Every structure is written in structure tokens, then in C-alpha cells.
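J.: Input structure: entry_12.txt, which contains compact mmCIF, C-alpha atoms.
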```
# COMPACT_ATOMS: atom_id res chain seq x y z
CA MET P 274 86.42 98.43 28.06
CA SER P 275 87.48 95.53 25.91
CA ASP P 276 85.29 94.38 23.01
CA GLN P 277 84.39 91.23 24.93
CA MET P 278 83.37 93.15 28.07
CA GLN P 279 81.32 95.55 25.98
CA ALA P 280 79.53 92.67 24.30
CA GLU P 281 78.76 91.07 27.67
CA ALA P 282 77.46 94.37 29.02
CA ILE P 283 75.12 94.74 26.07
CA MET P 284 73.90 91.19 26.52
CA ASN P 285 73.30 91.76 30.22
CA VAL P 286 70.99 94.70 29.68
CA GLY P 287 68.96 92.91 27.00
CA PRO P 288 65.85 90.95 27.87
CA SER P 289 66.66 87.63 29.45
CA GLN P 290 65.57 84.44 27.75
CA GLU P 291 63.27 83.65 30.65
CA ALA P 292 61.55 86.98 30.38
CA ALA P 293 61.13 86.55 26.63
CA ALA P 294 59.58 83.10 26.90
CA PRO P 295 55.78 83.17 26.58
CA THR P 296 53.86 82.28 29.69
CA PRO P 297 51.96 79.02 29.13
CA PRO P 298 48.22 79.53 29.41
CA ARG P 299 46.58 78.37 32.58
CA PRO P 300 44.73 75.10 31.96
CA LEU P 301 41.00 75.69 31.68
CA LEU P 302 40.13 72.32 33.15
CA ILE P 303 41.06 70.49 36.34
CA ARG P 304 41.97 66.82 36.04
CA LEU P 305 40.38 64.48 38.54
CA ALA P 306 42.58 62.56 40.94
CA GLY P 307 40.89 59.24 40.15
CA GLU P 308 41.32 59.54 36.39
CA THR P 309 43.32 56.75 34.80
CA SER P 310 44.90 56.56 31.38
CA ALA P 311 42.01 55.61 29.13
CA PRO P 312 41.74 54.94 25.41
CA VAL P 313 40.87 57.77 23.05
CA CYS P 314 40.59 58.31 19.33
CA ASP P 315 42.86 61.04 18.06
CA GLY P 316 43.27 62.65 14.68
CA ASP P 317 44.62 59.60 12.92
CA VAL P 318 43.68 56.33 14.51
CA CYS P 319 42.38 55.16 17.83
CA ALA P 320 44.98 54.80 20.56
CA ILE P 321 44.38 51.46 22.20
CA MET U 229 15.76 69.80 43.58
CA SER U 230 19.37 70.89 43.04
CA ASN U 231 20.66 72.12 39.73
CA PRO U 232 21.77 69.27 37.48
CA ILE U 233 25.45 68.59 36.97
CA LYS U 234 26.33 69.54 33.41
CA ILE U 235 28.34 66.98 31.47
CA ASP U 236 29.67 68.26 28.16
CA ILE U 237 31.04 65.53 25.92
CA TRP U 238 33.24 66.02 22.87
CA SER U 239 32.79 63.04 20.61
CA ASP U 240 32.66 61.82 17.02
CA VAL U 241 30.20 59.38 15.50
CA ALA U 242 33.08 57.48 13.89
CA CYS U 243 34.86 56.95 17.22
CA PRO U 244 34.65 53.46 18.74
CA TRP U 245 35.87 54.62 22.14
CA CYS U 246 33.19 57.32 22.21
CA TYR U 247 30.37 54.75 22.11
CA ILE U 248 32.12 52.65 24.75
CA GLY U 249 32.75 55.77 26.86
CA LYS U 250 29.06 56.68 26.54
CA ARG U 251 28.08 53.30 27.95
CA HIS U 252 30.64 53.60 30.76
CA LEU U 253 29.27 57.02 31.70
CA GLU U 254 25.72 55.65 31.71
CA SER U 255 26.83 52.72 33.88
CA GLY U 256 28.68 55.08 36.20
CA ILE U 257 25.54 57.15 36.71
CA ALA U 258 23.34 54.05 37.11
CA ALA U 259 25.69 52.68 39.77
CA LEU U 260 24.68 55.54 42.04
CA GLY U 261 21.09 54.32 41.98
CA ALA U 262 18.69 56.53 43.87
CA ASP U 263 21.65 58.64 45.04
CA ALA U 264 22.53 59.66 41.49
CA PRO U 265 22.57 63.44 41.17
CA PRO U 266 20.55 64.94 38.33
CA VAL U 267 22.75 65.39 35.27
CA GLU U 268 22.37 67.27 32.01
CA ILE U 269 24.35 65.77 29.13
CA GLU U 270 25.26 67.70 26.01
CA TYR U 271 27.28 66.35 23.09
CA HIS U 272 29.73 68.50 21.18
CA SER U 273 31.27 68.02 17.78
CA PHE U 274 34.76 66.69 17.18
CA GLU U 275 35.59 65.62 13.64
CA LEU U 276 38.32 63.01 13.90
CA SER U 277 39.11 62.75 10.22
CA PRO U 278 37.81 65.75 8.27
CA ASP U 279 39.53 64.62 5.07
CA THR U 280 37.49 61.41 4.85
CA PRO U 281 35.42 61.30 1.64
CA VAL U 282 31.66 61.02 2.15
CA ASP U 283 31.68 58.01 -0.17
CA PHE U 284 34.83 56.19 0.88
CA GLU U 285 35.03 52.96 -1.08
CA GLY U 286 36.03 50.11 1.19
CA SER U 287 35.84 48.81 4.73
CA ASN U 288 36.99 50.42 7.95
CA ALA U 289 40.10 48.23 7.74
CA ASP U 290 40.75 49.53 4.21
CA PHE U 291 40.31 53.06 5.46
CA LEU U 292 42.82 52.69 8.27
CA ALA U 293 45.28 50.83 6.07
CA LYS U 294 45.06 52.93 2.90
CA HIS U 295 44.05 56.31 4.27
CA LYS U 296 45.96 56.32 7.54
CA GLY U 297 48.84 53.99 6.73
CA VAL U 298 48.22 51.47 9.50
CA PRO U 299 49.43 47.96 8.58
CA LEU U 300 46.44 45.72 7.88
CA GLU U 301 47.56 43.14 10.43
CA ARG U 302 47.67 45.87 13.11
CA VAL U 303 44.22 47.07 12.06
CA HIS U 304 42.75 43.62 12.66
CA GLU U 305 44.44 43.44 16.06
CA MET U 306 42.95 46.83 16.94
CA HIS U 307 39.50 45.79 15.81
CA ASP U 308 39.61 42.58 17.84
CA HIS U 309 40.75 44.46 20.92
CA VAL U 310 38.13 47.21 20.65
CA ALA U 311 35.34 44.77 19.78
CA THR U 312 36.15 42.74 22.90
CA ILE U 313 35.92 45.78 25.16
CA ALA U 314 32.78 46.94 23.35
CA ARG U 315 31.17 43.55 24.01
CA GLU U 316 31.98 43.92 27.71
CA ALA U 317 30.08 47.21 27.57
CA GLY U 318 27.13 45.51 25.87
CA LEU U 319 27.91 46.72 22.34
CA ASP U 320 28.13 44.33 19.40
CA TYR U 321 30.53 46.10 17.04
CA ASP U 322 30.72 44.90 13.44
CA PHE U 323 33.83 46.53 11.98
CA GLY U 324 33.43 44.52 8.79
CA ALA U 325 30.15 46.30 8.07
CA VAL U 326 31.26 49.84 8.99
CA LYS U 327 30.80 52.39 6.21
CA GLN U 328 33.56 54.93 6.70
CA THR U 329 32.45 58.45 5.85
CA LYS U 330 32.87 62.11 6.65
CA THR U 331 30.86 62.92 9.79
CA LEU U 332 30.39 66.66 9.34
CA LYS U 333 26.72 66.41 8.36
CA ALA U 334 26.08 63.99 11.23
CA HIS U 335 27.44 66.63 13.59
CA GLU U 336 25.21 69.28 12.03
CA LEU U 337 22.25 66.98 12.55
CA LEU U 338 23.22 66.48 16.20
CA HIS U 339 23.04 70.24 16.65
CA PHE U 340 19.65 70.30 14.96
CA ALA U 341 18.56 67.53 17.33
CA LYS U 342 19.86 69.48 20.31
CA ALA U 343 17.79 72.49 19.25
CA ASN U 344 14.77 70.20 19.11
CA GLY U 345 15.32 68.29 22.36
CA ARG U 346 16.39 64.97 20.85
CA GLN U 347 20.17 65.07 20.87
CA LEU U 348 20.79 62.14 23.21
CA GLU U 349 18.41 59.92 21.28
CA LEU U 350 20.02 60.83 17.95
CA LYS U 351 23.55 60.36 19.27
CA GLU U 352 22.71 56.84 20.36
CA ARG U 353 20.96 56.14 17.05
CA LEU U 354 23.91 57.34 14.94
CA LEU U 355 26.51 55.43 16.95
CA LYS U 356 24.47 52.25 16.74
CA ALA U 357 23.95 52.72 13.01
CA PHE U 358 27.66 53.23 12.40
CA PHE U 359 29.22 50.55 14.62
CA VAL U 360 26.55 47.90 14.95
CA GLU U 361 24.33 48.06 11.87
CA GLY U 362 26.71 49.13 9.12
CA GLY U 363 24.56 52.17 8.41
CA HIS U 364 25.75 55.20 6.46
CA VAL U 365 25.96 58.42 8.50
CA GLY U 366 27.33 60.70 5.80
CA HIS U 367 24.46 60.95 3.31
CA ILE U 368 21.70 63.43 3.94
CA ASP U 369 18.99 60.92 2.96
CA ASP U 370 20.20 58.40 5.55
CA LEU U 371 20.64 61.05 8.22
CA VAL U 372 17.10 62.33 7.68
CA GLY U 373 15.88 58.76 8.15
CA TYR U 374 17.68 58.45 11.50
CA ALA U 375 16.32 61.85 12.55
CA ALA U 376 12.76 60.72 11.84
CA GLU U 377 13.34 57.49 13.78
CA VAL U 378 14.05 59.46 16.95
CA GLY U 379 11.02 61.68 16.53
CA LEU U 380 12.49 64.66 14.68
CA ASP U 381 10.68 66.30 11.80
CA ALA U 382 12.17 64.84 8.61
CA ASP U 383 11.54 67.86 6.40
CA ALA U 384 13.00 70.25 8.94
CA ALA U 385 16.04 68.00 9.40
CA ARG U 386 16.61 67.90 5.64
CA GLU U 387 16.31 71.66 5.37
CA ALA U 388 18.79 72.13 8.21
CA LEU U 389 21.32 69.81 6.58
CA GLU U 390 20.92 71.15 3.06
CA SER U 391 21.21 74.76 4.19
CA GLY U 392 24.15 74.07 6.51
CA ARG U 393 22.34 76.03 9.20
CA TYR U 394 24.29 74.35 12.01
CA ALA U 395 27.70 74.33 10.34
CA ALA U 396 28.88 77.28 12.44
CA ASP U 397 27.83 75.49 15.64
CA VAL U 398 29.96 72.50 14.67
CA GLN U 399 32.96 74.76 14.11
CA ALA U 400 32.32 76.53 17.43
CA ASP U 401 32.45 73.18 19.22
CA ILE U 402 35.71 72.31 17.47
CA ALA U 403 37.16 75.69 18.43
CA GLN U 404 36.16 75.14 22.06
CA ALA U 405 37.86 71.75 21.97
CA VAL U 406 41.06 73.45 20.81
CA ALA U 407 40.73 76.02 23.61
CA TYR U 408 40.40 73.22 26.15
CA GLY U 409 43.42 71.45 24.66
CA ILE U 410 41.37 68.41 23.69
CA GLN U 411 43.41 66.20 21.36
CA GLY U 412 41.40 63.01 21.46
CA VAL U 413 37.85 61.86 22.13
CA PRO U 414 35.76 61.04 24.00
CA PHE U 415 36.44 63.95 26.32
CA PHE U 416 34.13 64.80 29.20
CA VAL U 417 33.87 68.19 30.91
CA ILE U 418 32.00 67.89 34.18
CA ASP U 419 30.42 70.95 35.78
CA GLY U 420 32.39 73.16 33.42
CA LYS U 421 35.67 72.62 35.21
CA TYR U 422 36.74 69.00 35.47
CA GLY U 423 38.20 67.39 32.35
CA VAL U 424 38.09 63.62 31.95
CA SER U 425 39.78 62.13 28.93
CA GLY U 426 38.98 58.84 27.24
CA ALA U 427 36.68 55.87 27.74
CA GLN U 428 37.27 55.78 31.48
CA PRO U 429 35.88 52.89 33.52
CA ALA U 430 32.37 53.42 34.89
CA GLU U 431 33.68 53.78 38.43
CA VAL U 432 35.71 56.86 37.46
CA PHE U 433 32.49 58.57 36.38
CA THR U 434 30.74 57.43 39.54
CA GLN U 435 33.55 58.89 41.63
CA ALA U 436 33.62 62.13 39.63
CA LEU U 437 29.90 62.70 39.94
CA THR U 438 29.96 61.92 43.66
CA GLN U 439 32.76 64.44 44.13
CA VAL U 440 31.08 67.17 42.10
CA ALA U 441 27.70 66.58 43.76
CA GLY U 442 29.40 66.93 47.13
CA GLU U 443 31.07 70.16 46.11
CA LYS U 444 27.81 71.61 44.85
CA ALA U 445 26.01 70.61 48.04
CA ALA U 446 28.71 72.25 50.14
CA VAL U 447 28.26 75.63 48.47
CA ALA U 448 24.47 75.46 48.25
```
Kindly present the structure from the file in C-alpha cells form.
T.:
Amino acid sequence: MSDQMQAEAIMNVGPSQEAAAPTPPRPLLIRLAGETSAPVCDGDVCAI
Amino acid sequence: MSNPIKIDIWSDVACPWCYIGKRHLESGIAALGADAPPVEIEYHSFELSPDTPVDFEGSNADFLAKHKGVPLERVHEMHDHVATIAREAGLDYDFGAVKQTKTLKAHELLHFAKANGRQLELKERLLKAFFVEGGHVGHIDDLVGYAAEVGLDADAAREALESGRYAADVQADIAQAVAYGIQGVPFFVIDGKYGVSGAQPAEVFTQALTQVAGEKAAVA
């Protein structure tokens, strides 16, 4: 087995990037269908 | 009578859209008239600018310009825009009179008021003081005065503020906001599951409450 093939074989048995990626948490809240983009105040200034 | 629909609101006293959003919610409920479902409203703490000094020297415009780096011209544009929308909601904002301050103690007092059945009254009083009257909502003496105005015991309010008895409740609210992913206020959680962000128009709240009331009736 060439060095390149050996390297690929090692990579193939390692954990895939997809498997390593953390699963995003399920949102705790449901957004309403009728909700529009509305102004809020965030950490710095008010978005208007 | 059916169980009330719980409306949890994350909000800050120093948040112009929170007062406007409060009025829109009230209008949205009122629009349902006799068909309005019973609701239970609870306010939760969200400190927009924890690094604000209690005794900030200067106006709200100075604060935004010097503390937050917003160009003064832009600040005045923002104020004009927000004041116009506030007026449409029946609120007479006076940004020139606003006394910028840290709102942590105001939040502690709101928890004290909740424990004593006067949270909604105090929330309204503090917002009006801050945006309409140019009142100070960071000093304990002023806060105790507002508490007494809404029927709370002044001595008990002072003791609660001086001891920091409700400080942990404020932090618990902030932690819950993080868990929900709340990045701006006002933020409304209806019936513990629907999230509504921002000062939505009154009709959005009307629609949301109608939907939730229908869902609750269907499972009753």
C-alpha cells in the first residue's frame, strides 16, 4: 500500500466531519406564522 | 372559566420598544373585546446595558453617542422615529429628559412587586417615569418612591433593594432568556411555547391569542 493510500485509509476510518459537528439544540419556542419583523432593543442600541 | 393564557415578557425599563410593545399587546387584547381570553402577564428581567453607570452624566443622546458610539445625528434620527411611533401608541416620549442609568435595581424591584401582586402596576410606573417624566430609575430612594405610589410597602421595598434579595431572580430571568435564544427585547412567550419578538403590531397579538385560545379550547 502506498503512503497516499494508507493515509486515505486512515482518514476514511476516522470520524467524519458531519458526525463530529455538534447537533444544534432544538428551538424551545415556536414562531407564529403571522409574526412580522418588528423593532427590538438589543445589547447596544435599539434596532429601528 | 378556562385557565388563563400565560404571557411571559422579557423587557427592560430602559427600552423604548418595550413600552411601545406593552401598549400594542394591551391594544391587541382589548381588540378582542368580550371574546378576549383571560390572560396572565408576567414580566421578566433583561438588562440591555449592564455596564451603564447608575449616575451617568448626560442625556440619552449623550449616552448613545459617547457610550455606544452612535453618531449624534443618527441618534436624533432614531429618537424622532421612535417618538413618532410612541405617539401613535399614545405615549409621549421625552428623550431629552431621559436619565440614563443602570436598571438592575429596577429589575429587582419588579421581582419584589411580583411577589407582592403589583408587578404590572410597577412596570407601567417605571416605564412612564423613565420615558415620559424624566424620572430616575436607578437610585434606591427614587425606586422606593415609585413602589409606594403603586401601593407597595416602602420600607419592605427598601429592605429588598438594599439586601439584594431578588438579585438571583433577576439573573435567573436573564439565564432563561439566554436559554430561549432571546437577543433583543421586548420578547413575548405565549403559553410557554410561542415566541414573539419585538414591538409587533397589535393585530399580531390579537391573532396569536385567538390561535392559542383555540388550541386550548380544542384540548379542553
J.: Leaving out Gly307 of chain P and any residue of its chain fewer than 2 positions from it, which residues lie within 12 Å of it when counting all atoms listed in the file, given as a list in words?
T.: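 So, after excluding close chain neighbours, the residues are Ile303, Arg304, Leu305, Thr309, Ser310 and Ala311 of chain P; Tyr422, Gly423, Val424, Ser425, Gln428, Pro429, Ala430, Glu431, Val432, Phe433, Thr434, Gln435, Ala436, Leu437, Thr438 and Gln439 of chain U.
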J.: With only C-alpha atoms counted and 6 Å as the cut-off, give the residues of chain U in contact with chain P, each with its shortest interatomic distance in Å and the pair that gives it, as JSON lines.
T.:
```
{"residue": "U:Trp245", "atom": "CA", "partner": "P:Val313", "partner_atom": "CA", "distance": 6.0}
{"residue": "U:Leu276", "atom": "CA", "partner": "P:Gly316", "partner_atom": "CA", "distance": 5.0}
{"residue": "U:Gly412", "atom": "CA", "partner": "P:Asp315", "partner_atom": "CA", "distance": 4.2}
{"residue": "U:Val413", "atom": "CA", "partner": "P:Val313", "partner_atom": "CA", "distance": 5.2}
{"residue": "U:Lys421", "atom": "CA", "partner": "P:Leu302", "partner_atom": "CA", "distance": 4.9}
{"residue": "U:Tyr422", "atom": "CA", "partner": "P:Ile303", "partner_atom": "CA", "distance": 4.7}
{"residue": "U:Gly423", "atom": "CA", "partner": "P:Arg304", "partner_atom": "CA", "distance": 5.3}
{"residue": "U:Gly426", "atom": "CA", "partner": "P:Val313", "partner_atom": "CA", "distance": 4.7}
{"residue": "U:Ala427", "atom": "CA", "partner": "P:Ala311", "partner_atom": "CA", "distance": 5.5}
{"residue": "U:Gln428", "atom": "CA", "partner": "P:Ala311", "partner_atom": "CA", "distance": 5.3}
```
J.: Neighbours of Gly366 of chain U within 7 Å (all atoms listed in the file; same-chain residues fewer than 6 positions away dropped), as a PyMOL selection string?
T.: chain U and resi 282+329-331+333-334
J.: Export C-alpha atoms of the chosen residues as a PDB file, keeping the file's coordinate frame?
T.:
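Final file, result-v1.pdb:
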```pdb
ATOM      1  CA  VAL U 282      31.660  61.020   2.150  1.00  0.00           C
ATOM      2  CA  THR U 329      32.450  58.450   5.850  1.00  0.00           C
ATOM      3  CA  LYS U 330      32.870  62.110   6.650  1.00  0.00           C
ATOM      4  CA  THR U 331      30.860  62.920   9.790  1.00  0.00           C
ATOM      5  CA  LYS U 333      26.720  66.410   8.360  1.00  0.00           C
ATOM      6  CA  ALA U 334      26.080  63.990  11.230  1.00  0.00           C
TER       7      ALA U 334
END
```
J.: Which residues are near segment 311-321 of chain U? Cut-off 10 Å, all atoms listed in the file, ignore same chain within fewer than 2 positions. Put them as a VMD selection string.
T.: chain U and resid 244 to 245 247 to 252 255 305 to 309 323 to 326 356 358 to 362 430
J.: Between atom CA of Lys234 of chain U and atom CA of Asp381 of chain U, what is the distance in Å, rounded to a tenth?
T.: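 Between these atoms lies a distance of 26.9 Å.
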J.: Which protein, DNA or RNA residues are at most 12 Å from (22.9, 71.5, 1.7) in the file's coordinates when you count all atoms listed in the file, listed as a PDB file with C-alpha atoms, in the frame of the given file?
T.:
```pdb
ATOM      1  CA  LEU U 332      30.390  66.660   9.340  1.00  0.00           C
ATOM      2  CA  LYS U 333      26.720  66.410   8.360  1.00  0.00           C
ATOM      3  CA  GLU U 336      25.210  69.280  12.030  1.00  0.00           C
ATOM      4  CA  LEU U 337      22.250  66.980  12.550  1.00  0.00           C
ATOM      5  CA  HIS U 367      24.460  60.950   3.310  1.00  0.00           C
ATOM      6  CA  ILE U 368      21.700  63.430   3.940  1.00  0.00           C
ATOM      7  CA  ASP U 369      18.990  60.920   2.960  1.00  0.00           C
ATOM      8  CA  ALA U 385      16.040  68.000   9.400  1.00  0.00           C
ATOM      9  CA  ARG U 386      16.610  67.900   5.640  1.00  0.00           C
ATOM     10  CA  GLU U 387      16.310  71.660   5.370  1.00  0.00           C
ATOM     11  CA  ALA U 388      18.790  72.130   8.210  1.00  0.00           C
ATOM     12  CA  LEU U 389      21.320  69.810   6.580  1.00  0.00           C
ATOM     13  CA  GLU U 390      20.920  71.150   3.060  1.00  0.00           C
ATOM     14  CA  SER U 391      21.210  74.760   4.190  1.00  0.00           C
ATOM     15  CA  GLY U 392      24.150  74.070   6.510  1.00  0.00           C
ATOM     16  CA  ARG U 393      22.340  76.030   9.200  1.00  0.00           C
ATOM     17  CA  TYR U 394      24.290  74.350  12.010  1.00  0.00           C
ATOM     18  CA  ALA U 395      27.700  74.330  10.340  1.00  0.00           C
TER      19      ALA U 395
END
```
J.: What gap, in Å, lies between atom CA of Asp283 of chain U and atom CA of Asp370 of chain U?
T.: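 So the answer is 12.8 Å.
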